[in-house]
$ cat coords_15.tsv   # TSV, N, CA and C atoms
chain	number	residue	atom	x	y	z
A	1	MET	N	-4.72	147.03	45.24
A	1	MET	CA	-5.46	147.72	44.20
A	1	MET	C	-5.29	146.95	42.90
A	2	SER	N	-6.37	146.75	42.17
A	2	SER	CA	-6.26	146.05	40.89
A	2	SER	C	-5.54	146.94	39.88
A	3	THR	N	-4.91	146.30	38.90
A	3	THR	CA	-4.13	147.08	37.94
A	3	THR	C	-5.01	147.95	37.07
A	4	ASP	N	-6.28	147.59	36.82
A	4	ASP	CA	-7.14	148.45	36.02
A	4	ASP	C	-7.51	149.72	36.79
A	5	ARG	N	-7.74	149.62	38.09
A	5	ARG	CA	-8.04	150.80	38.90
A	5	ARG	C	-6.80	151.67	39.11
A	6	MET	N	-5.63	151.09	38.90
A	6	MET	CA	-4.37	151.81	39.08
A	6	MET	C	-4.27	153.01	38.15
A	7	TRP	N	-5.00	153.01	37.05
A	7	TRP	CA	-4.86	154.04	36.03
A	7	TRP	C	-5.93	155.12	36.11
A	8	SER	N	-6.73	155.13	37.16
A	8	SER	CA	-7.77	156.15	37.35
A	8	SER	C	-7.52	156.88	38.66
A	9	TYR	N	-7.82	158.18	38.67
A	9	TYR	CA	-7.69	158.94	39.91
A	9	TYR	C	-8.71	158.43	40.91
A	10	ARG	N	-8.29	158.33	42.15
A	10	ARG	CA	-9.15	157.86	43.23
A	10	ARG	C	-10.20	158.92	43.57
A	11	PRO	N	-11.40	158.49	43.93
A	11	PRO	CA	-12.38	159.45	44.44
A	11	PRO	C	-11.80	160.12	45.70
A	12	GLY	N	-11.99	161.39	45.83
A	12	GLY	CA	-11.48	162.11	46.98
A	12	GLY	C	-10.04	162.55	46.85
A	13	SER	N	-9.41	162.30	45.71
A	13	SER	CA	-8.01	162.69	45.53
A	13	SER	C	-7.85	164.18	45.22
A	14	GLY	N	-8.95	164.82	44.87
A	14	GLY	CA	-8.86	166.24	44.51
A	14	GLY	C	-8.69	166.45	43.02
A	15	HIS	N	-8.70	165.38	42.25
A	15	HIS	CA	-8.55	165.51	40.80
A	15	HIS	C	-9.81	166.13	40.20
A	16	GLU	N	-9.61	167.10	39.33
A	16	GLU	CA	-10.71	167.71	38.58
A	16	GLU	C	-10.39	167.59	37.10
A	17	GLU	N	-11.36	167.12	36.34
A	17	GLU	CA	-11.17	166.98	34.89
A	17	GLU	C	-10.75	168.33	34.30
A	18	GLY	N	-9.76	168.28	33.43
A	18	GLY	CA	-9.32	169.48	32.74
A	18	GLY	C	-8.26	170.29	33.47
A	19	ARG	N	-7.99	169.97	34.73
A	19	ARG	CA	-6.97	170.72	35.47
A	19	ARG	C	-5.59	170.28	34.99
A	20	THR	N	-4.78	171.25	34.66
A	20	THR	CA	-3.40	170.98	34.25
A	20	THR	C	-2.54	170.84	35.50
A	21	LEU	N	-1.81	169.75	35.58
A	21	LEU	CA	-0.97	169.46	36.74
A	21	LEU	C	0.51	169.70	36.46
A	22	THR	N	0.85	170.08	35.24
A	22	THR	CA	2.24	170.32	34.88
A	22	THR	C	2.85	171.36	35.81
A	23	GLY	N	4.02	171.05	36.35
A	23	GLY	CA	4.71	171.95	37.26
A	23	GLY	C	4.41	171.71	38.73
A	24	PHE	N	3.39	170.92	39.03
A	24	PHE	CA	3.07	170.62	40.43
A	24	PHE	C	4.19	169.78	41.04
A	25	THR	N	4.49	170.02	42.31
A	25	THR	CA	5.46	169.22	43.04
A	25	THR	C	4.81	167.92	43.47
A	26	VAL	N	5.52	166.81	43.30
A	26	VAL	CA	5.00	165.48	43.67
A	26	VAL	C	5.74	165.00	44.90
A	27	GLY	N	4.97	164.69	45.93
A	27	GLY	CA	5.55	164.21	47.17
A	27	GLY	C	5.13	162.79	47.47
A	28	ALA	N	6.10	161.98	47.88
A	28	ALA	CA	5.84	160.62	48.34
A	28	ALA	C	5.50	160.68	49.82
A	29	THR	N	5.31	159.53	50.43
A	29	THR	CA	5.00	159.49	51.86
A	29	THR	C	6.16	159.94	52.72
A	30	ASP	N	7.37	159.98	52.13
A	30	ASP	CA	8.56	160.35	52.91
A	30	ASP	C	9.41	161.43	52.28
A	31	GLY	N	8.84	162.21	51.38
A	31	GLY	CA	9.61	163.32	50.80
A	31	GLY	C	9.25	163.58	49.35
A	32	VAL	N	9.85	164.61	48.80
A	32	VAL	CA	9.56	165.04	47.44
A	32	VAL	C	10.21	164.10	46.42
A	33	ILE	N	9.44	163.78	45.38
A	33	ILE	CA	9.93	162.97	44.26
A	33	ILE	C	10.41	163.86	43.13
A	34	GLY	N	9.63	164.89	42.82
A	34	GLY	CA	9.97	165.78	41.71
A	34	GLY	C	8.80	166.64	41.31
A	35	ARG	N	8.78	167.04	40.03
A	35	ARG	CA	7.71	167.88	39.50
A	35	ARG	C	7.08	167.21	38.29
A	36	VAL	N	5.78	167.44	38.13
A	36	VAL	CA	5.08	166.88	36.97
A	36	VAL	C	5.60	167.57	35.71
A	37	ASP	N	6.15	166.76	34.82
A	37	ASP	CA	6.62	167.26	33.53
A	37	ASP	C	5.47	167.27	32.53
A	38	ARG	N	4.65	166.22	32.58
A	38	ARG	CA	3.46	166.16	31.74
A	38	ARG	C	2.50	165.13	32.32
A	39	GLN	N	1.27	165.21	31.87
A	39	GLN	CA	0.25	164.29	32.35
A	39	GLN	C	-0.47	163.69	31.15
A	40	ALA	N	-0.98	162.50	31.31
A	40	ALA	CA	-1.76	161.83	30.28
A	40	ALA	C	-3.14	161.57	30.83
A	41	ASP	N	-4.08	162.44	30.47
A	41	ASP	CA	-5.47	162.28	30.90
A	41	ASP	C	-6.37	161.90	29.73
A	42	ASP	N	-5.81	161.83	28.53
A	42	ASP	CA	-6.60	161.54	27.34
A	42	ASP	C	-6.50	160.07	26.93
A	43	THR	N	-6.25	159.23	27.89
A	43	THR	CA	-6.08	157.80	27.66
A	43	THR	C	-6.72	157.04	28.82
A	44	PRO	N	-7.17	155.82	28.59
A	44	PRO	CA	-7.70	155.03	29.71
A	44	PRO	C	-6.63	154.73	30.77
A	45	LEU	N	-5.36	154.78	30.37
A	45	LEU	CA	-4.26	154.51	31.30
A	45	LEU	C	-3.64	155.84	31.74
A	46	ARG	N	-4.38	156.56	32.56
A	46	ARG	CA	-3.96	157.90	32.99
A	46	ARG	C	-2.73	157.81	33.88
A	47	HIS	N	-1.83	158.78	33.69
A	47	HIS	CA	-0.59	158.77	34.46
A	47	HIS	C	0.09	160.13	34.42
A	48	LEU	N	1.10	160.26	35.27
A	48	LEU	CA	1.93	161.45	35.33
A	48	LEU	C	3.35	161.06	34.96
A	49	ILE	N	4.03	161.93	34.23
A	49	ILE	CA	5.46	161.79	34.01
A	49	ILE	C	6.11	162.81	34.93
A	50	VAL	N	6.93	162.33	35.85
A	50	VAL	CA	7.53	163.17	36.88
A	50	VAL	C	9.02	163.29	36.64
A	51	ASP	N	9.49	164.53	36.53
A	51	ASP	CA	10.92	164.82	36.40
A	51	ASP	C	11.50	164.84	37.81
A	52	THR	N	12.44	163.95	38.09
A	52	THR	CA	12.99	163.82	39.43
A	52	THR	C	14.15	164.78	39.70
A	53	GLY	N	14.59	165.51	38.68
A	53	GLY	CA	15.68	166.47	38.88
A	53	GLY	C	16.95	165.79	39.36
A	54	ALA	N	17.68	166.46	40.21
A	54	ALA	CA	18.98	165.96	40.68
A	54	ALA	C	18.85	164.74	41.59
A	55	TRP	N	17.67	164.55	42.20
A	55	TRP	CA	17.49	163.44	43.14
A	55	TRP	C	17.84	162.10	42.48
A	56	MET	N	17.43	161.91	41.25
A	56	MET	CA	17.73	160.66	40.54
A	56	MET	C	18.48	160.96	39.24
A	57	PHE	N	19.33	161.98	39.26
A	57	PHE	CA	20.17	162.35	38.13
A	57	PHE	C	19.38	162.60	36.86
A	58	GLY	N	18.28	163.33	37.00
A	58	GLY	CA	17.50	163.74	35.84
A	58	GLY	C	16.59	162.67	35.27
A	59	ARG	N	16.47	161.56	35.95
A	59	ARG	CA	15.59	160.49	35.48
A	59	ARG	C	14.13	160.87	35.68
A	60	SER	N	13.29	160.43	34.78
A	60	SER	CA	11.85	160.65	34.92
A	60	SER	C	11.18	159.36	35.37
A	61	LEU	N	10.00	159.51	35.98
A	61	LEU	CA	9.20	158.38	36.43
A	61	LEU	C	7.82	158.45	35.83
A	62	LEU	N	7.23	157.32	35.53
A	62	LEU	CA	5.83	157.26	35.13
A	62	LEU	C	5.07	156.76	36.35
A	63	ILE	N	4.13	157.58	36.82
A	63	ILE	CA	3.35	157.23	38.01
A	63	ILE	C	1.88	157.15	37.63
A	64	PRO	N	1.25	155.98	37.79
A	64	PRO	CA	-0.16	155.83	37.46
A	64	PRO	C	-1.04	156.75	38.31
A	65	ALA	N	-2.13	157.23	37.72
A	65	ALA	CA	-3.03	158.16	38.40
A	65	ALA	C	-3.61	157.58	39.69
A	66	GLY	N	-3.75	156.27	39.76
A	66	GLY	CA	-4.31	155.63	40.95
A	66	GLY	C	-3.42	155.74	42.18
A	67	MET	N	-2.18	156.13	42.00
A	67	MET	CA	-1.27	156.32	43.13
A	67	MET	C	-1.45	157.69	43.77
A	68	VAL	N	-2.16	158.59	43.10
A	68	VAL	CA	-2.37	159.94	43.62
A	68	VAL	C	-3.39	159.89	44.75
A	69	THR	N	-2.99	160.42	45.91
A	69	THR	CA	-3.90	160.46	47.06
A	69	THR	C	-4.42	161.85	47.34
A	70	GLY	N	-3.73	162.86	46.83
A	70	GLY	CA	-4.19	164.23	47.07
A	70	GLY	C	-3.61	165.21	46.07
A	71	ILE	N	-4.44	166.16	45.68
A	71	ILE	CA	-4.01	167.25	44.80
A	71	ILE	C	-4.43	168.55	45.47
A	72	ASP	N	-3.47	169.43	45.70
A	72	ASP	CA	-3.74	170.74	46.29
A	72	ASP	C	-3.41	171.81	45.26
A	73	PRO	N	-4.44	172.32	44.56
A	73	PRO	CA	-4.17	173.28	43.49
A	73	PRO	C	-3.59	174.61	44.00
A	74	GLU	N	-3.91	175.01	45.21
A	74	GLU	CA	-3.37	176.26	45.74
A	74	GLU	C	-1.88	176.13	46.04
A	75	ALA	N	-1.49	175.03	46.65
A	75	ALA	CA	-0.07	174.80	46.96
A	75	ALA	C	0.68	174.22	45.76
A	76	ARG	N	-0.07	173.81	44.73
A	76	ARG	CA	0.49	173.18	43.53
A	76	ARG	C	1.30	171.93	43.89
A	77	THR	N	0.67	171.09	44.73
A	77	THR	CA	1.31	169.85	45.16
A	77	THR	C	0.40	168.65	44.90
A	78	ILE	N	1.05	167.52	44.71
A	78	ILE	CA	0.38	166.23	44.53
A	78	ILE	C	1.05	165.26	45.49
A	79	THR	N	0.25	164.49	46.22
A	79	THR	CA	0.82	163.45	47.06
A	79	THR	C	0.50	162.09	46.43
A	80	VAL	N	1.45	161.19	46.55
A	80	VAL	CA	1.27	159.85	46.00
A	80	VAL	C	1.49	158.82	47.09
A	81	ARG	N	0.91	157.65	46.90
A	81	ARG	CA	0.86	156.59	47.89
A	81	ARG	C	2.03	155.62	47.72
A	82	CYS	N	3.24	156.14	47.90
A	82	CYS	CA	4.43	155.29	47.88
A	82	CYS	C	5.58	156.08	48.50
A	83	THR	N	6.65	155.38	48.80
A	83	THR	CA	7.84	156.06	49.32
A	83	THR	C	8.73	156.46	48.14
A	84	ARG	N	9.71	157.27	48.43
A	84	ARG	CA	10.68	157.66	47.39
A	84	ARG	C	11.41	156.43	46.84
A	85	GLU	N	11.83	155.54	47.72
A	85	GLU	CA	12.54	154.34	47.27
A	85	GLU	C	11.65	153.44	46.43
A	86	GLU	N	10.37	153.33	46.79
A	86	GLU	CA	9.45	152.52	45.99
A	86	GLU	C	9.29	153.13	44.60
A	87	ALA	N	9.17	154.45	44.52
A	87	ALA	CA	9.07	155.11	43.22
A	87	ALA	C	10.35	154.90	42.42
A	88	LYS	N	11.48	155.02	43.08
A	88	LYS	CA	12.77	154.85	42.41
A	88	LYS	C	12.94	153.44	41.86
A	89	ALA	N	12.37	152.44	42.52
A	89	ALA	CA	12.50	151.05	42.10
A	89	ALA	C	11.50	150.64	41.02
A	90	ALA	N	10.60	151.54	40.63
A	90	ALA	CA	9.60	151.23	39.59
A	90	ALA	C	10.29	150.94	38.26
A	91	PRO	N	9.60	150.22	37.37
A	91	PRO	CA	10.18	149.99	36.04
A	91	PRO	C	10.64	151.31	35.41
A	92	ARG	N	11.83	151.30	34.89
A	92	ARG	CA	12.48	152.50	34.38
A	92	ARG	C	11.73	153.11	33.20
A	93	PHE	N	11.48	154.41	33.26
A	93	PHE	CA	10.86	155.14	32.15
A	93	PHE	C	11.98	155.79	31.35
A	94	ARG	N	12.02	155.49	30.05
A	94	ARG	CA	13.09	156.01	29.21
A	94	ARG	C	12.60	156.96	28.13
A	95	THR	N	11.54	156.57	27.41
A	95	THR	CA	11.08	157.39	26.28
A	95	THR	C	9.56	157.48	26.28
A	96	ASP	N	9.05	158.50	25.61
A	96	ASP	CA	7.60	158.67	25.51
A	96	ASP	C	6.93	157.51	24.79
A	97	ARG	N	7.65	156.78	23.97
A	97	ARG	CA	7.07	155.61	23.29
A	97	ARG	C	6.53	154.61	24.31
A	98	GLU	N	7.14	154.56	25.47
A	98	GLU	CA	6.70	153.61	26.49
A	98	GLU	C	5.30	153.90	26.99
A	99	THR	N	4.84	155.15	26.87
A	99	THR	CA	3.48	155.48	27.30
A	99	THR	C	2.44	154.83	26.40
A	100	LEU	N	2.88	154.29	25.26
A	100	LEU	CA	1.98	153.60	24.33
A	100	LEU	C	2.26	152.10	24.29
A	101	ASP	N	3.19	151.64	25.08
A	101	ASP	CA	3.61	150.23	25.08
A	101	ASP	C	2.82	149.46	26.13
A	102	PRO	N	1.86	148.61	25.70
A	102	PRO	CA	1.03	147.88	26.68
A	102	PRO	C	1.85	147.01	27.63
A	103	GLU	N	2.93	146.43	27.16
A	103	GLU	CA	3.76	145.58	28.02
A	103	GLU	C	4.43	146.41	29.13
A	104	TYR	N	4.97	147.56	28.76
A	104	TYR	CA	5.60	148.43	29.75
A	104	TYR	C	4.56	148.93	30.76
A	105	LEU	N	3.43	149.42	30.26
A	105	LEU	CA	2.40	149.95	31.15
A	105	LEU	C	1.85	148.86	32.07
A	106	SER	N	1.74	147.66	31.57
A	106	SER	CA	1.30	146.54	32.40
A	106	SER	C	2.30	146.27	33.52
A	107	ALA	N	3.59	146.33	33.19
A	107	ALA	CA	4.63	146.11	34.20
A	107	ALA	C	4.60	147.21	35.26
A	108	VAL	N	4.40	148.46	34.84
A	108	VAL	CA	4.32	149.58	35.80
A	108	VAL	C	3.10	149.41	36.70
A	109	GLY	N	1.94	149.13	36.11
A	109	GLY	CA	0.73	148.94	36.91
A	109	GLY	C	0.86	147.80	37.90
A	110	ALA	N	1.43	146.69	37.44
A	110	ALA	CA	1.61	145.54	38.31
A	110	ALA	C	2.58	145.86	39.46
A	111	TYR	N	3.64	146.60	39.15
A	111	TYR	CA	4.60	146.96	40.20
A	111	TYR	C	3.92	147.80	41.28
A	112	TYR	N	3.27	148.88	40.89
A	112	TYR	CA	2.64	149.75	41.89
A	112	TYR	C	1.51	149.05	42.63
A	113	ALA	N	0.79	148.15	41.97
A	113	ALA	CA	-0.32	147.43	42.62
A	113	ALA	C	0.17	146.53	43.74
A	114	THR	N	1.44	146.10	43.69
A	114	THR	CA	1.96	145.21	44.73
A	114	THR	C	2.49	145.94	45.96
A	115	LEU	N	2.61	147.27	45.87
A	115	LEU	CA	3.17	148.01	47.01
A	115	LEU	C	2.21	147.99	48.19
A	116	PRO	N	2.73	147.97	49.40
A	116	PRO	CA	1.86	147.92	50.58
A	116	PRO	C	0.92	149.11	50.68
A	117	HIS	N	1.36	150.29	50.22
A	117	HIS	CA	0.52	151.48	50.31
A	117	HIS	C	-0.54	151.54	49.23
A	118	ALA	N	-0.43	150.74	48.19
A	118	ALA	CA	-1.30	150.86	47.02
A	118	ALA	C	-2.75	150.55	47.33
A	119	SER	N	-3.03	149.66	48.29
A	119	SER	CA	-4.41	149.29	48.54
A	119	SER	C	-4.98	149.93	49.79
A	120	GLY	N	-4.16	150.63	50.55
A	120	GLY	CA	-4.63	151.23	51.79
A	120	GLY	C	-5.45	152.47	51.56
A	121	THR	N	-6.06	152.96	52.62
A	121	THR	CA	-6.85	154.18	52.53
A	121	THR	C	-6.11	155.39	53.09
A	122	ASN	N	-5.00	155.15	53.74
A	122	ASN	CA	-4.20	156.25	54.29
A	122	ASN	C	-2.85	156.29	53.58
A	123	GLY	N	-2.22	157.51	53.57
A	123	GLY	CA	-0.95	157.70	52.90
A	123	GLY	C	0.13	157.01	53.55
$ encode --input "coords_15.tsv" --output "structure tokens"
Amino acid sequence: MSTDRMWSYRPGSGHEEGRTLTGFTVGATDGVIGRVDRQADDTPLRHLIVDTGAWMFGRSLLIPAGMVTGIDPEARTITVRCTREEAKAAPRFRTDRETLDPEYLSAVGAYYATLPHASGTNG
């Protein structure tokens, strides 16, 4: 997947403009990552900030919208196209300032674009 497409929700993902995803559970291909703490839909570089809770000692992750493969509003779940370990190995998210840092966002997009699941059509 190209890094520019990495920041847009995929067709068929279940994304609807204006839907708030805060509080939704985020699942990787092999288990739960955490819950959406906040989402950035008002920028060309759309993404989710996911609170990982105790799994990663309270660390948060920035996950580009292009990694989302499914949104189930009834179950309040989101599935993403990576494993838990792949998400854990992503460039570290520390502060909200990074959501405005082109260098950081470029590194995140490039990292997720190289994952084997990033370009496939199945989870």
$ closest_residue --input "coords_15.tsv" --among "A:Ile49, A:Met6, A:Met67, A:Ala40" --to "Thr79 of chain A" --atoms "all atoms listed in the file"
A:Met67
$ closest_residue --input "coords_15.tsv" --among "A:Pro64, A:Gly18, A:Thr77, A:Cys82" --to "Asp42 of chain A" --atoms "only C-alpha atoms"
A:Gly18
$ closest_residue --input "coords_15.tsv" --among "A:Val68, A:Asp51, A:Ile78, A:Pro11" --to "Phe24 of chain A" --atoms "all atoms listed in the file"
A:Ile78
$ residues_around --input "coords_15.tsv" --residues "Val26 of chain A" --least-positions-apart "2" --cutoff "7 Å" --atoms "all atoms listed in the file" --output "ChimeraX atom specification"
/A:23-24,28,31-36,76-80
$ atom_distance --input "coords_15.tsv" --atom1 "atom C of Glu98 of chain A" --atom2 "atom CA of Glu85 of chain A"
21.5 Å
$ atom_distance --input "coords_15.tsv" --atom1 "atom C of Gly27 of chain A" --atom2 "atom C of Arg84 of chain A"
9.0 Å
$ closest_residue --input "coords_15.tsv" --among "A:Gly66, A:Arg59, A:His15, A:Glu103" --to "His47 of chain A" --atoms "only N, CA and C atoms"
A:Gly66
$ closest_residue --input "coords_15.tsv" --among "A:Glu16, A:Arg81, A:Glu74, A:Asp37" --to "Leu115 of chain A" --atoms "only N, CA and C atoms"
A:Arg81
$ closest_residue --input "coords_15.tsv" --among "A:Pro73, A:Leu61, A:Ala110, A:Asp41" --to "Arg92 of chain A" --atoms "only N, CA and C atoms"
A:Leu61
$ decode --input "coords_15.tsv" --residues "segment 23-35 of chain A" --atoms "N, CA and C atoms" --output "CSV table (one decimal), in the first residue's frame"
chain,number,residue,atom,x,y,z
A,23,GLY,N,-13.7,4.9,22.0
A,23,GLY,CA,-14.2,3.9,22.8
A,23,GLY,C,-14.3,2.5,22.1
A,24,PHE,N,-14.3,2.5,20.8
A,24,PHE,CA,-14.3,1.2,20.1
A,24,PHE,C,-13.1,0.4,20.4
A,25,THR,N,-13.3,-1.0,20.5
A,25,THR,CA,-12.2,-1.9,20.7
A,25,THR,C,-11.5,-2.1,19.4
A,26,VAL,N,-10.2,-2.1,19.4
A,26,VAL,CA,-9.4,-2.3,18.2
A,26,VAL,C,-8.7,-3.7,18.3
A,27,GLY,N,-9.0,-4.5,17.3
A,27,GLY,CA,-8.4,-5.8,17.2
A,27,GLY,C,-7.5,-6.0,16.1
A,28,ALA,N,-6.3,-6.6,16.3
A,28,ALA,CA,-5.4,-7.0,15.3
A,28,ALA,C,-5.8,-8.3,14.7
A,29,THR,N,-5.0,-8.9,13.8
A,29,THR,CA,-5.3,-10.2,13.2
A,29,THR,C,-5.1,-11.3,14.2
A,30,ASP,N,-4.5,-11.0,15.4
A,30,ASP,CA,-4.2,-12.1,16.4
A,30,ASP,C,-4.6,-11.7,17.8
A,31,GLY,N,-5.5,-10.7,17.9
A,31,GLY,CA,-6.0,-10.3,19.3
A,31,GLY,C,-6.2,-8.8,19.4
A,32,VAL,N,-6.7,-8.5,20.6
A,32,VAL,CA,-7.0,-7.1,20.9
A,32,VAL,C,-5.8,-6.2,21.1
A,33,ILE,N,-5.8,-5.0,20.5
A,33,ILE,CA,-4.7,-4.0,20.8
A,33,ILE,C,-5.1,-3.1,21.9
A,34,GLY,N,-6.3,-2.6,21.8
A,34,GLY,CA,-6.8,-1.6,22.8
A,34,GLY,C,-8.1,-1.0,22.4
A,35,ARG,N,-8.3,0.3,22.9
A,35,ARG,CA,-9.5,1.0,22.6
A,35,ARG,C,-9.1,2.4,22.0
